[in-house]
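Listing of coords-v3.cif, mmCIF, C-alpha atoms
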```cif
data_entry
#
loop_
_atom_site.label_atom_id
_atom_site.label_comp_id
_atom_site.auth_asym_id
_atom_site.auth_seq_id
_atom_site.Cartn_x
_atom_site.Cartn_y
_atom_site.Cartn_z
CA MET E 63 150.43 -44.22 10.10
CA SER E 64 153.13 -45.89 12.19
CA GLN E 65 155.07 -44.56 15.18
CA HIS E 66 158.04 -44.13 12.86
CA ASP E 67 155.99 -41.89 10.54
CA PHE E 68 155.19 -39.56 13.44
CA SER E 69 158.75 -39.60 14.80
CA ILE E 70 160.02 -38.24 11.47
CA PHE E 71 158.32 -35.00 12.41
CA LEU E 72 158.26 -35.02 16.21
CA ASP E 73 161.97 -35.77 16.57
CA GLN E 74 162.60 -32.36 15.01
CA TYR E 75 161.11 -30.67 18.11
CA GLU E 76 162.57 -30.12 21.57
CA LEU E 77 159.66 -31.36 23.66
CA GLY E 78 161.57 -31.88 26.90
CA ALA E 79 160.07 -35.29 27.61
CA ARG E 80 159.29 -38.58 25.91
CA TRP E 81 156.25 -38.20 23.71
CA GLU E 82 153.26 -40.47 23.15
CA ILE E 83 150.64 -40.38 20.41
CA ALA E 84 146.86 -40.49 20.83
CA ALA E 85 144.25 -40.42 18.08
CA GLY E 86 142.81 -37.07 17.06
CA ASP E 87 139.85 -36.00 14.93
CA SER E 88 141.36 -36.13 11.45
CA GLY E 89 139.56 -34.50 8.55
CA MET E 90 139.61 -35.46 4.90
CA ASN E 91 142.61 -33.23 4.13
CA ASN E 92 145.00 -33.94 7.02
CA THR E 93 146.14 -36.47 9.60
CA THR E 94 145.78 -35.12 13.15
CA ARG E 95 147.13 -36.64 16.36
CA ILE E 96 147.31 -35.50 19.98
CA VAL E 97 150.84 -35.59 21.37
CA GLN E 98 151.50 -35.99 25.11
CA ALA E 99 154.99 -34.98 26.26
CA GLY E 100 155.33 -34.88 30.04
CA ASN E 101 152.67 -32.48 31.32
CA ASN E 102 152.27 -30.77 27.96
CA ARG E 103 149.85 -31.64 25.17
CA TYR E 104 150.13 -30.68 21.54
CA VAL E 105 148.31 -31.28 18.26
CA LEU E 106 150.33 -32.64 15.35
CA ARG E 107 148.86 -31.97 11.92
CA ILE E 108 150.32 -33.72 8.87
CA TYR E 109 149.16 -32.22 5.58
CA ASN E 110 147.95 -34.80 3.07
CA ASN E 111 146.39 -32.60 0.40
CA HIS E 112 149.37 -30.40 -0.53
CA GLN E 113 153.10 -29.83 -0.04
CA ASN E 114 152.98 -26.06 -0.35
CA LYS E 115 154.96 -24.53 2.49
CA SER E 116 153.81 -20.98 1.68
CA THR E 117 150.19 -22.05 2.28
CA VAL E 118 151.00 -23.20 5.82
CA LEU E 119 153.17 -20.15 6.52
CA LEU E 120 150.27 -17.89 5.54
CA GLU E 121 148.02 -19.81 7.94
CA HIS E 122 150.60 -19.21 10.69
CA GLU E 123 150.81 -15.51 9.82
CA VAL E 124 147.07 -15.24 10.39
CA LEU E 125 147.29 -17.18 13.67
CA PHE E 126 150.14 -15.05 15.04
CA GLY E 127 148.24 -11.92 13.97
CA LEU E 128 145.28 -13.04 16.07
CA LEU E 129 147.43 -14.26 18.97
CA GLY E 130 149.04 -10.83 19.22
CA GLN E 131 145.74 -9.02 19.70
CA LYS E 132 144.72 -7.75 23.15
CA ASN E 133 141.28 -8.50 24.63
CA ARG E 134 140.84 -11.58 22.43
CA HIS E 135 137.86 -13.62 23.69
CA PHE E 136 138.76 -16.95 22.06
CA ASP E 137 141.81 -19.17 21.68
CA VAL E 138 143.42 -20.15 18.38
CA PRO E 139 146.19 -22.70 17.79
CA MET E 140 149.67 -21.49 18.74
CA PRO E 141 152.32 -23.00 16.42
CA VAL E 142 155.44 -24.47 18.06
CA ALA E 143 158.87 -23.81 16.54
CA ASN E 144 161.09 -26.82 15.80
CA ARG E 145 164.82 -27.04 16.55
CA ALA E 146 165.54 -25.03 13.40
CA GLY E 147 163.27 -22.25 14.62
CA GLN E 148 160.63 -23.00 11.97
CA THR E 149 156.92 -23.56 12.55
CA VAL E 150 156.60 -25.78 9.46
CA THR E 151 158.40 -29.13 9.62
CA GLU E 152 159.27 -31.10 6.49
CA ALA E 153 160.01 -34.77 5.90
CA GLN E 154 162.03 -36.24 3.07
CA GLY E 155 159.76 -36.32 0.06
CA GLY E 156 158.23 -32.96 0.93
CA LYS E 157 155.38 -33.93 3.30
CA LEU E 158 154.69 -31.09 5.74
CA ALA E 159 153.57 -30.98 9.37
CA THR E 160 152.95 -28.46 12.13
CA LEU E 161 152.78 -28.77 15.90
CA CYS E 162 150.52 -26.52 17.98
CA HIS E 163 149.70 -26.22 21.66
CA PHE E 164 146.55 -28.16 22.57
CA ILE E 165 143.43 -26.15 23.41
CA GLU E 166 141.54 -27.86 26.23
CA GLY E 167 137.90 -28.64 25.61
CA LYS E 168 135.51 -30.55 23.40
CA ARG E 169 133.64 -29.90 20.18
CA PRO E 170 130.53 -27.76 20.74
CA SER E 171 127.18 -29.39 20.08
CA VAL E 172 124.43 -28.21 17.73
CA GLU E 173 122.02 -29.56 20.36
CA ASN E 174 123.26 -27.05 22.96
CA ASN E 175 121.66 -23.61 22.55
CA SER E 176 124.48 -21.94 24.49
CA HIS E 177 126.99 -23.42 22.07
CA ILE E 178 125.03 -22.20 19.05
CA ARG E 179 124.77 -18.65 20.41
CA GLY E 180 128.38 -18.82 21.63
CA LEU E 181 129.66 -19.82 18.21
CA GLY E 182 127.85 -16.80 16.79
CA THR E 183 129.58 -14.54 19.31
CA ALA E 184 132.96 -16.16 18.62
CA ALA E 185 132.47 -15.86 14.85
CA ALA E 186 131.75 -12.14 15.19
CA ALA E 187 134.77 -11.63 17.45
CA LEU E 188 136.87 -13.51 14.90
CA CYS E 189 135.58 -11.28 12.09
CA LYS E 190 136.63 -8.22 14.08
CA GLY E 191 140.04 -9.72 14.78
CA LEU E 192 140.63 -10.75 11.17
CA SER E 193 139.56 -7.32 9.88
CA VAL E 194 142.71 -5.69 11.25
CA ILE E 195 145.42 -8.25 10.51
CA LYS E 196 147.84 -7.54 7.67
CA PRO E 197 149.60 -10.76 6.58
CA GLN E 198 152.47 -10.32 4.13
CA GLY E 199 151.45 -13.48 2.26
CA GLU E 200 148.88 -13.32 -0.52
CA PRO E 201 145.63 -15.29 -0.24
CA ILE E 202 146.03 -18.81 -1.66
CA TYR E 203 142.35 -19.65 -2.17
CA ASP E 204 139.95 -17.75 -4.41
CA PRO E 205 136.81 -16.17 -2.94
CA TYR E 206 133.67 -18.27 -3.11
CA TYR E 207 132.10 -15.90 -5.66
CA LYS E 208 134.80 -16.88 -8.17
CA LEU E 209 133.07 -20.25 -8.42
CA GLU E 210 133.07 -20.35 -12.22
CA GLN E 211 136.80 -19.60 -12.46
CA SER E 212 137.71 -21.98 -9.64
CA TYR E 213 135.76 -24.86 -11.20
CA GLU E 214 136.10 -23.99 -14.86
CA ALA E 215 136.90 -27.65 -15.60
CA ILE E 216 133.45 -28.70 -14.33
CA SER E 217 130.79 -27.07 -16.48
CA ILE E 218 127.09 -27.32 -15.68
CA PRO E 219 126.62 -30.23 -18.14
CA ALA E 220 129.75 -31.89 -16.72
CA MET E 221 128.10 -32.05 -13.29
CA ARG E 222 125.62 -34.55 -14.71
CA ASP E 223 128.38 -36.45 -16.54
CA ILE E 224 130.40 -36.88 -13.34
CA THR E 225 127.45 -38.06 -11.26
CA GLY E 226 126.55 -40.48 -14.06
CA GLU E 227 130.09 -41.86 -14.14
CA ALA E 228 129.90 -42.25 -10.34
CA GLY E 229 126.76 -44.35 -10.73
CA LEU E 230 124.45 -41.84 -9.04
CA LEU E 231 122.05 -41.51 -11.97
CA PRO E 232 119.17 -42.01 -12.46
CA GLU E 233 118.53 -42.46 -8.71
CA PHE E 234 119.64 -38.92 -7.81
CA GLU E 235 118.46 -37.20 -10.98
CA GLU E 236 116.28 -34.76 -9.03
CA GLN E 237 119.12 -33.65 -6.77
CA ILE E 238 121.67 -33.08 -9.52
CA THR E 239 119.09 -31.18 -11.61
CA CYS E 240 118.39 -28.95 -8.60
CA LEU E 241 122.10 -28.15 -8.21
CA GLN E 242 122.58 -27.49 -11.92
CA GLN E 243 119.63 -25.09 -12.00
CA GLU E 244 120.80 -23.30 -8.86
CA ARG E 245 124.29 -22.85 -10.30
CA GLU E 246 122.80 -21.37 -13.48
CA SER E 247 120.63 -19.02 -11.42
CA LEU E 248 123.49 -17.90 -9.17
CA ARG E 249 125.64 -16.80 -12.09
CA SER E 250 123.68 -13.56 -12.39
CA TYR E 251 124.31 -12.69 -8.72
CA LEU E 252 128.06 -13.33 -8.49
CA LYS E 253 129.01 -9.80 -9.57
CA SER E 254 126.82 -8.19 -6.88
CA ILE E 255 128.13 -10.63 -4.26
CA ALA E 256 131.68 -9.56 -5.18
CA GLU E 257 130.79 -5.95 -4.31
CA LEU E 258 130.01 -6.76 -0.64
CA PRO E 259 132.53 -5.78 2.10
CA HIS E 260 135.71 -7.89 2.00
CA GLN E 261 138.26 -8.95 4.60
CA TRP E 262 140.24 -12.00 5.72
CA ILE E 263 137.91 -14.83 6.76
CA HIS E 264 138.43 -18.27 8.28
CA GLY E 265 136.59 -19.85 5.36
CA ASP E 266 135.72 -23.17 7.00
CA LEU E 267 134.28 -22.22 10.39
CA ASN E 268 131.86 -24.78 11.82
CA PHE E 269 131.15 -26.83 14.94
CA SER E 270 133.89 -29.36 14.21
CA ASN E 271 136.48 -26.56 13.95
CA SER E 272 135.60 -25.09 17.34
CA VAL E 273 136.29 -25.86 21.01
CA ALA E 274 133.89 -25.57 23.94
CA ARG E 275 134.39 -25.80 27.68
CA GLY E 276 131.14 -26.18 29.54
CA ASP E 277 128.57 -24.01 27.78
CA ALA E 278 131.14 -21.57 26.39
CA VAL E 279 132.81 -21.65 22.96
CA VAL E 280 136.43 -20.84 23.78
CA GLY E 281 138.52 -21.85 20.75
CA LEU E 282 138.52 -21.74 16.95
CA LEU E 283 140.66 -24.16 14.94
CA ASP E 284 141.85 -25.14 11.45
CA PHE E 285 142.68 -21.90 9.66
CA GLU E 286 144.04 -23.81 6.66
CA PHE E 287 141.53 -22.28 4.22
CA CYS E 288 141.69 -18.66 5.41
CA THR E 289 141.48 -16.18 2.55
CA VAL E 290 140.15 -12.77 1.60
CA ASP E 291 136.45 -12.99 0.72
CA VAL E 292 133.18 -11.21 1.44
CA ARG E 293 132.77 -10.90 5.20
CA ALA E 294 129.25 -12.38 5.27
CA MET E 295 130.56 -15.64 3.81
CA GLU E 296 131.93 -16.46 7.26
CA LEU E 297 128.37 -16.68 8.59
CA ALA E 298 127.06 -18.67 5.63
CA VAL E 299 129.61 -21.43 6.21
CA VAL E 300 128.41 -21.90 9.79
CA ILE E 301 124.70 -21.60 8.99
CA VAL E 302 124.70 -24.49 6.50
CA ASP E 303 125.78 -26.68 9.42
CA LEU E 304 122.67 -25.55 11.30
CA ILE E 305 120.40 -26.36 8.35
CA ASP E 306 121.84 -29.83 7.86
CA TRP E 307 120.01 -31.37 10.80
CA ALA E 308 117.18 -33.90 10.78
CA ASP E 309 114.45 -32.00 12.64
CA GLU E 310 112.28 -28.91 12.32
CA GLY E 311 114.38 -26.55 14.45
CA GLN E 312 116.59 -25.05 11.75
CA LEU E 313 115.18 -21.51 11.92
CA GLU E 314 115.39 -21.44 15.71
CA ARG E 315 119.03 -22.53 15.64
CA ILE E 316 119.89 -20.01 12.95
CA ALA E 317 118.20 -17.28 15.00
CA LEU E 318 120.29 -18.21 18.06
CA PHE E 319 123.53 -18.10 16.06
CA CYS E 320 122.60 -14.73 14.55
CA GLU E 321 121.64 -13.41 17.98
CA GLY E 322 125.14 -14.20 19.25
CA PHE E 323 126.81 -12.73 16.16
CA GLY E 324 124.66 -9.61 15.99
CA ALA E 325 125.25 -8.76 19.64
CA GLU E 326 128.98 -8.52 18.86
CA LEU E 327 129.03 -7.16 15.29
CA ARG E 328 126.48 -5.65 12.89
CA LEU E 329 126.44 -6.35 9.17
CA THR E 330 125.20 -3.98 6.48
CA GLU E 331 121.68 -4.44 5.12
CA GLU E 332 123.19 -5.58 1.82
CA GLU E 333 125.24 -8.27 3.55
CA ALA E 334 122.28 -9.56 5.54
CA HIS E 335 120.11 -9.62 2.40
CA ALA E 336 122.73 -11.66 0.50
CA ILE E 337 123.20 -14.48 3.03
CA PRO E 338 120.60 -16.87 1.47
CA LEU E 339 122.54 -16.58 -1.81
CA LEU E 340 125.78 -17.25 0.07
CA LEU E 341 124.30 -20.39 1.65
CA LYS E 342 123.56 -21.76 -1.82
CA LEU E 343 126.97 -20.65 -3.09
CA ARG E 344 128.68 -22.50 -0.24
CA MET E 345 126.86 -25.73 -1.05
CA LEU E 346 127.60 -25.47 -4.77
CA ASP E 347 131.27 -24.91 -3.97
CA VAL E 348 131.29 -27.97 -1.70
CA THR E 349 129.58 -30.05 -4.39
CA LEU E 350 132.08 -29.06 -7.09
CA HIS E 351 134.98 -29.63 -4.69
CA PHE E 352 133.86 -33.21 -4.08
CA MET E 353 133.19 -33.78 -7.76
CA THR E 354 136.82 -32.78 -8.32
CA ARG E 355 137.93 -35.18 -5.59
CA TRP E 356 135.93 -38.03 -7.16
CA ARG E 357 137.39 -37.28 -10.59
CA GLU E 358 140.89 -37.41 -9.06
CA GLN E 359 139.99 -40.76 -7.39
CA LEU E 360 140.43 -39.36 -3.89
CA ASP E 361 136.96 -40.46 -2.70
CA GLU E 362 134.53 -43.30 -3.25
CA ALA E 363 131.25 -42.64 -5.07
CA ALA E 364 129.41 -42.96 -1.73
CA VAL E 365 131.13 -39.79 -0.49
CA LEU E 366 130.00 -37.82 -3.54
CA GLN E 367 126.49 -39.25 -3.19
CA LYS E 368 126.24 -37.98 0.39
CA ILE E 369 127.42 -34.51 -0.65
CA VAL E 370 124.98 -34.28 -3.58
CA ILE E 371 122.03 -35.23 -1.36
CA GLN E 372 123.11 -32.85 1.42
CA ALA E 373 123.74 -29.93 -0.94
CA ALA E 374 120.43 -30.33 -2.77
CA ASN E 375 118.51 -30.55 0.51
CA ILE E 376 120.12 -27.38 1.87
CA VAL E 377 119.64 -25.47 -1.40
CA GLU E 378 115.97 -26.48 -1.58
CA TRP E 379 115.32 -25.69 2.10
CA THR E 380 116.98 -22.28 1.73
CA GLY E 381 114.86 -21.45 -1.31
CA SER E 382 111.66 -22.53 0.44
CA ASN E 383 112.45 -20.39 3.50
CA GLU E 384 114.12 -17.45 1.76
CA LEU E 385 111.66 -14.75 2.86
CA ARG E 386 111.77 -15.82 6.51
CA LEU E 387 115.56 -16.08 6.39
CA LYS E 388 115.95 -12.60 4.91
CA ALA E 389 113.71 -11.12 7.59
CA LEU E 390 115.63 -12.96 10.32
CA PHE E 391 119.03 -11.85 8.98
CA GLN E 392 117.91 -8.23 8.57
CA GLU E 393 116.61 -8.11 12.15
CA ARG E 394 119.28 -10.09 13.99
CA LEU E 395 122.35 -9.08 11.97
CA ALA E 396 121.62 -5.61 10.57
CA GLY E 397 119.13 -4.34 13.16
CA VAL E 398 116.47 -3.61 10.54
CA GLY E 399 112.93 -3.67 11.94
CA GLN E 400 114.04 -3.45 15.58
CA PRO E 401 112.67 -0.65 17.80
CA GLN E 402 115.00 2.27 18.22
#
```
Let me see the structure of the file written as structure tokens.
Amino acid sequence: MSQHDFSIFLDQYELGARWEIAAGDSGMNNTTRIVQAGNNRYVLRIYNNHQNKSTVLLEHEVLFGLLGQKNRHFDVPMPVANRAGQTVTEAQGGKLATLCHFIEGKRPSVENNSHIRGLGTAAAALCKGLSVIKPQGEPIYDPYYKLEQSYEAISIPAMRDITGEAGLLPEFEEQITCLQQERESLRSYLKSIAELPHQWIHGDLNFSNSVARGDAVVGLLDFEFCTVDVRAMELAVVIVDLIDWADEGQLERIALFCEGFGAELRLTEEEAHAIPLLLKLRMLDVTLHFMTRWREQLDEAAVLQKIVIQAANIVEWTGSNELRLKALFQERLAGVGQPQ
């Protein structure tokens, strides 16, 4: 994007000084840039995947609900109002943007044990904070357990058709068969998953959506996909990041994360027991999301290939380690098996 493209949005703010643009860590859905204006730094986010103002306003409702809480142990983005007093800025043609105060720090590292444990603590504190907010806006995104309704257009047979059209078959036949079978198996558990405790969740919490300073995790970012879902899904989203790592330390990292979370907040036994299912559900949701993106010509086939391989690996690893994972989650998250 050019300087002019950014000025369309930034000129609608009273920044008090000439601004300059630096590159930010953009995701697949948005364009993100760091804005320096005098001694102040901001983050400009331009939404590329939708032009729905109510979606962004709901995100801001959640953020202001968290920002207004006392004794909060983590930072979240603080939206900046433009000259019209609005926190959502619109360009001609409907493209939307927001400006937030910059949170100092760097992304935490999965190689740093303090960061892993700290993200667990922050995730638990976030769960407690989100449990008491009462946004007026309705959730935009369906819960993960509504997988079949959300991706009704992609049936189990259609998963193979799409990967074939993308040129991934027969090379990745084993992976796509694994994902099809897991989706079929999960169907019988979706009703019981839906009965677990619900609340607002971040929905996309991971290492790339967090901020660390030193060994401490101090900030949580990107609340774009916040929704009402089962509480334990918040943990599952983080844990798949810990599994997707090319060494043998997955269980140790997961234990550290759960140690941090469990010290701050306890889950029910039913929630802890369900987390392996939620890990698989997360990866199936991600797979179907990227199949949709490929069908809509938003990604190259190589992107879908990477997701299919990653999802199948995580699903298979979770199944192979299910008993150990359940014992770990019961002990670290629900306190089952610990001495009284």
Problem set entry | E:Lys208 environment, 10 Å, all atoms listed in the file, sequence neighbours closer than 3 positions dropped, as a PyMOL selection string | chain E and resi 204-205+211-214+249+252-253+255-256+291+347
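Each of E:Ile224, E:Arg394, E:Cys288, E:Arg315 was checked against E:Glu358 using only C-alpha atoms; the smallest atom-to-atom distance is that of E:Ile224.
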For this session: Show which residues sit within 12 Å of E:Ser193, as an NGL selection string. Count only C-alpha atoms, and ignore same-chain residues fewer than 4 positions away.
Result: :E and (124 or 127-128 or 131 or 186-189 or 197 or 259-264 or 289-293 or 327)
Go ahead and save the residues from that selection, with C-alpha atoms, as a PDB file, in the frame of the given file.
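The result, stored in out.pdb:
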```pdb
ATOM      1  CA  VAL E 124     147.070 -15.240  10.390  1.00  0.00           C
ATOM      2  CA  GLY E 127     148.240 -11.920  13.970  1.00  0.00           C
ATOM      3  CA  LEU E 128     145.280 -13.040  16.070  1.00  0.00           C
ATOM      4  CA  GLN E 131     145.740  -9.020  19.700  1.00  0.00           C
ATOM      5  CA  ALA E 186     131.750 -12.140  15.190  1.00  0.00           C
ATOM      6  CA  ALA E 187     134.770 -11.630  17.450  1.00  0.00           C
ATOM      7  CA  LEU E 188     136.870 -13.510  14.900  1.00  0.00           C
ATOM      8  CA  CYS E 189     135.580 -11.280  12.090  1.00  0.00           C
ATOM      9  CA  PRO E 197     149.600 -10.760   6.580  1.00  0.00           C
ATOM     10  CA  PRO E 259     132.530  -5.780   2.100  1.00  0.00           C
ATOM     11  CA  HIS E 260     135.710  -7.890   2.000  1.00  0.00           C
ATOM     12  CA  GLN E 261     138.260  -8.950   4.600  1.00  0.00           C
ATOM     13  CA  TRP E 262     140.240 -12.000   5.720  1.00  0.00           C
ATOM     14  CA  ILE E 263     137.910 -14.830   6.760  1.00  0.00           C
ATOM     15  CA  HIS E 264     138.430 -18.270   8.280  1.00  0.00           C
ATOM     16  CA  THR E 289     141.480 -16.180   2.550  1.00  0.00           C
ATOM     17  CA  VAL E 290     140.150 -12.770   1.600  1.00  0.00           C
ATOM     18  CA  ASP E 291     136.450 -12.990   0.720  1.00  0.00           C
ATOM     19  CA  VAL E 292     133.180 -11.210   1.440  1.00  0.00           C
ATOM     20  CA  ARG E 293     132.770 -10.900   5.200  1.00  0.00           C
ATOM     21  CA  LEU E 327     129.030  -7.160  15.290  1.00  0.00           C
TER      22      LEU E 327
END
```
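Residue nearest E:Asn268 within the list E:Asp303, E:Asp137, E:Glu310, E:Glu286: E:Asp303 [criterion: smallest interatomic distance, only C-alpha atoms].
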Seminar exercise, completed: Of E:Leu161, E:Ile83, E:Val172, E:Ala215, the one sitting nearest E:Gly311 when using all atoms listed in the file is E:Val172
For this session: Can you work out which one of E:Glu210, E:Glu326, E:Glu121, E:Asp277 has the shortest atom-to-atom distance to E:Leu248, counting all atoms listed in the file?
Result: E:Glu210
For this session: Identify all residues satisfying the PyMOL selection byres ((chain E and resi 96) around 9) in the given file; provide them as a PyMOL selection string.
Result: chain E and resi 82-86+94-95+97-98+103-107+164
For the structure provided, state which residues fall under the PyMOL selection byres ((chain E and resi 274) around 8), and present them as an mmCIF file with C-alpha atoms, in the frame of the given file.
```cif
data_model
loop_
_atom_site.group_PDB
_atom_site.id
_atom_site.type_symbol
_atom_site.label_atom_id
_atom_site.label_comp_id
_atom_site.auth_asym_id
_atom_site.auth_seq_id
_atom_site.Cartn_x
_atom_site.Cartn_y
_atom_site.Cartn_z
ATOM 1 C CA GLY E 167 137.900 -28.640 25.610
ATOM 2 C CA LYS E 168 135.510 -30.550 23.400
ATOM 3 C CA ARG E 169 133.640 -29.900 20.180
ATOM 4 C CA PRO E 170 130.530 -27.760 20.740
ATOM 5 C CA HIS E 177 126.990 -23.420 22.070
ATOM 6 C CA SER E 272 135.600 -25.090 17.340
ATOM 7 C CA VAL E 273 136.290 -25.860 21.010
ATOM 8 C CA ARG E 275 134.390 -25.800 27.680
ATOM 9 C CA GLY E 276 131.140 -26.180 29.540
ATOM 10 C CA ASP E 277 128.570 -24.010 27.780
ATOM 11 C CA ALA E 278 131.140 -21.570 26.390
ATOM 12 C CA VAL E 279 132.810 -21.650 22.960
ATOM 13 C CA VAL E 280 136.430 -20.840 23.780
ATOM 14 C CA GLY E 281 138.520 -21.850 20.750
#
```
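Excluding stretch 64-72 of chain E itself and same-chain residues fewer than 4 positions from it, the residues having an atom within 8 Å of it are Thr151, Glu152, Ala153 and Ala159 of chain E, counting all atoms listed in the file.
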Using all atoms of stretch 268-285 of chain E listed in the file and a margin of 6 Å per side, can you give the axis-aligned box centre and edge lengths in Å to one decimal, as AutoDock Vina command-line options?
```
--center_x 135.6 --center_y -25.1 --center_z 19.6 --size_x 26.1 --size_y 20.5 --size_z 31.9
```
Exercise. Given the file above and the PyMOL selection byres ((chain E and resi 216) around 12), which residues are selected, and can you give them as number ranges by chain?
Worked result: E: 209-215, 217-225, 242, 245, 346-347, 349-355, 357
Seminar exercise, completed: E:Lys132 proximity check over E:Gly191, E:Leu158, E:Arg179, E:Leu120, using only C-alpha atoms: winner is E:Gly191
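Closest approach to E:Asn271 among E:Pro139, E:Pro201, E:Gly229, E:Gly397: E:Pro139, based on all atoms listed in the file.
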Problem set entry | atom CA of E:Gly147 to atom CA of E:Asn110, straight-line distance in Å | 22.9 Å
Which neighbours of E:Glu393 fall inside 10 Å, counting all atoms listed in the file, when residues of the same chain fewer than 5 positions from it are skipped, and could you give them as a compact mmCIF listing (two decimals) with C-alpha atoms, in the coordinates of the input?
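Below is the file that was written, result_1.txt:
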```txt
# COMPACT_ATOMS: atom_id res chain seq x y z
CA ALA E 317 118.20 -17.28 15.00
CA CYS E 320 122.60 -14.73 14.55
CA GLU E 321 121.64 -13.41 17.98
CA GLY E 324 124.66 -9.61 15.99
CA GLU E 331 121.68 -4.44 5.12
CA ALA E 334 122.28 -9.56 5.54
CA LEU E 387 115.56 -16.08 6.39
CA LYS E 388 115.95 -12.60 4.91
CA VAL E 398 116.47 -3.61 10.54
CA GLY E 399 112.93 -3.67 11.94
CA GLN E 400 114.04 -3.45 15.58
```
Seminar exercise, completed: From atom CA of E:Cys162 to atom CA of E:Leu77 the spacing works out at 11.8 Å
For this session: Find the spatial neighbours of E:Leu341, counting all atoms listed in the file, within a cut-off of 8 Å - ignore same-chain residues fewer than 5 positions away - and output them as a PyMOL selection string.
Result: chain E and resi 298-299+301-302+377+380
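Atom CA of E:Lys115 is found 11.6 Å from atom CA of E:Gly199.
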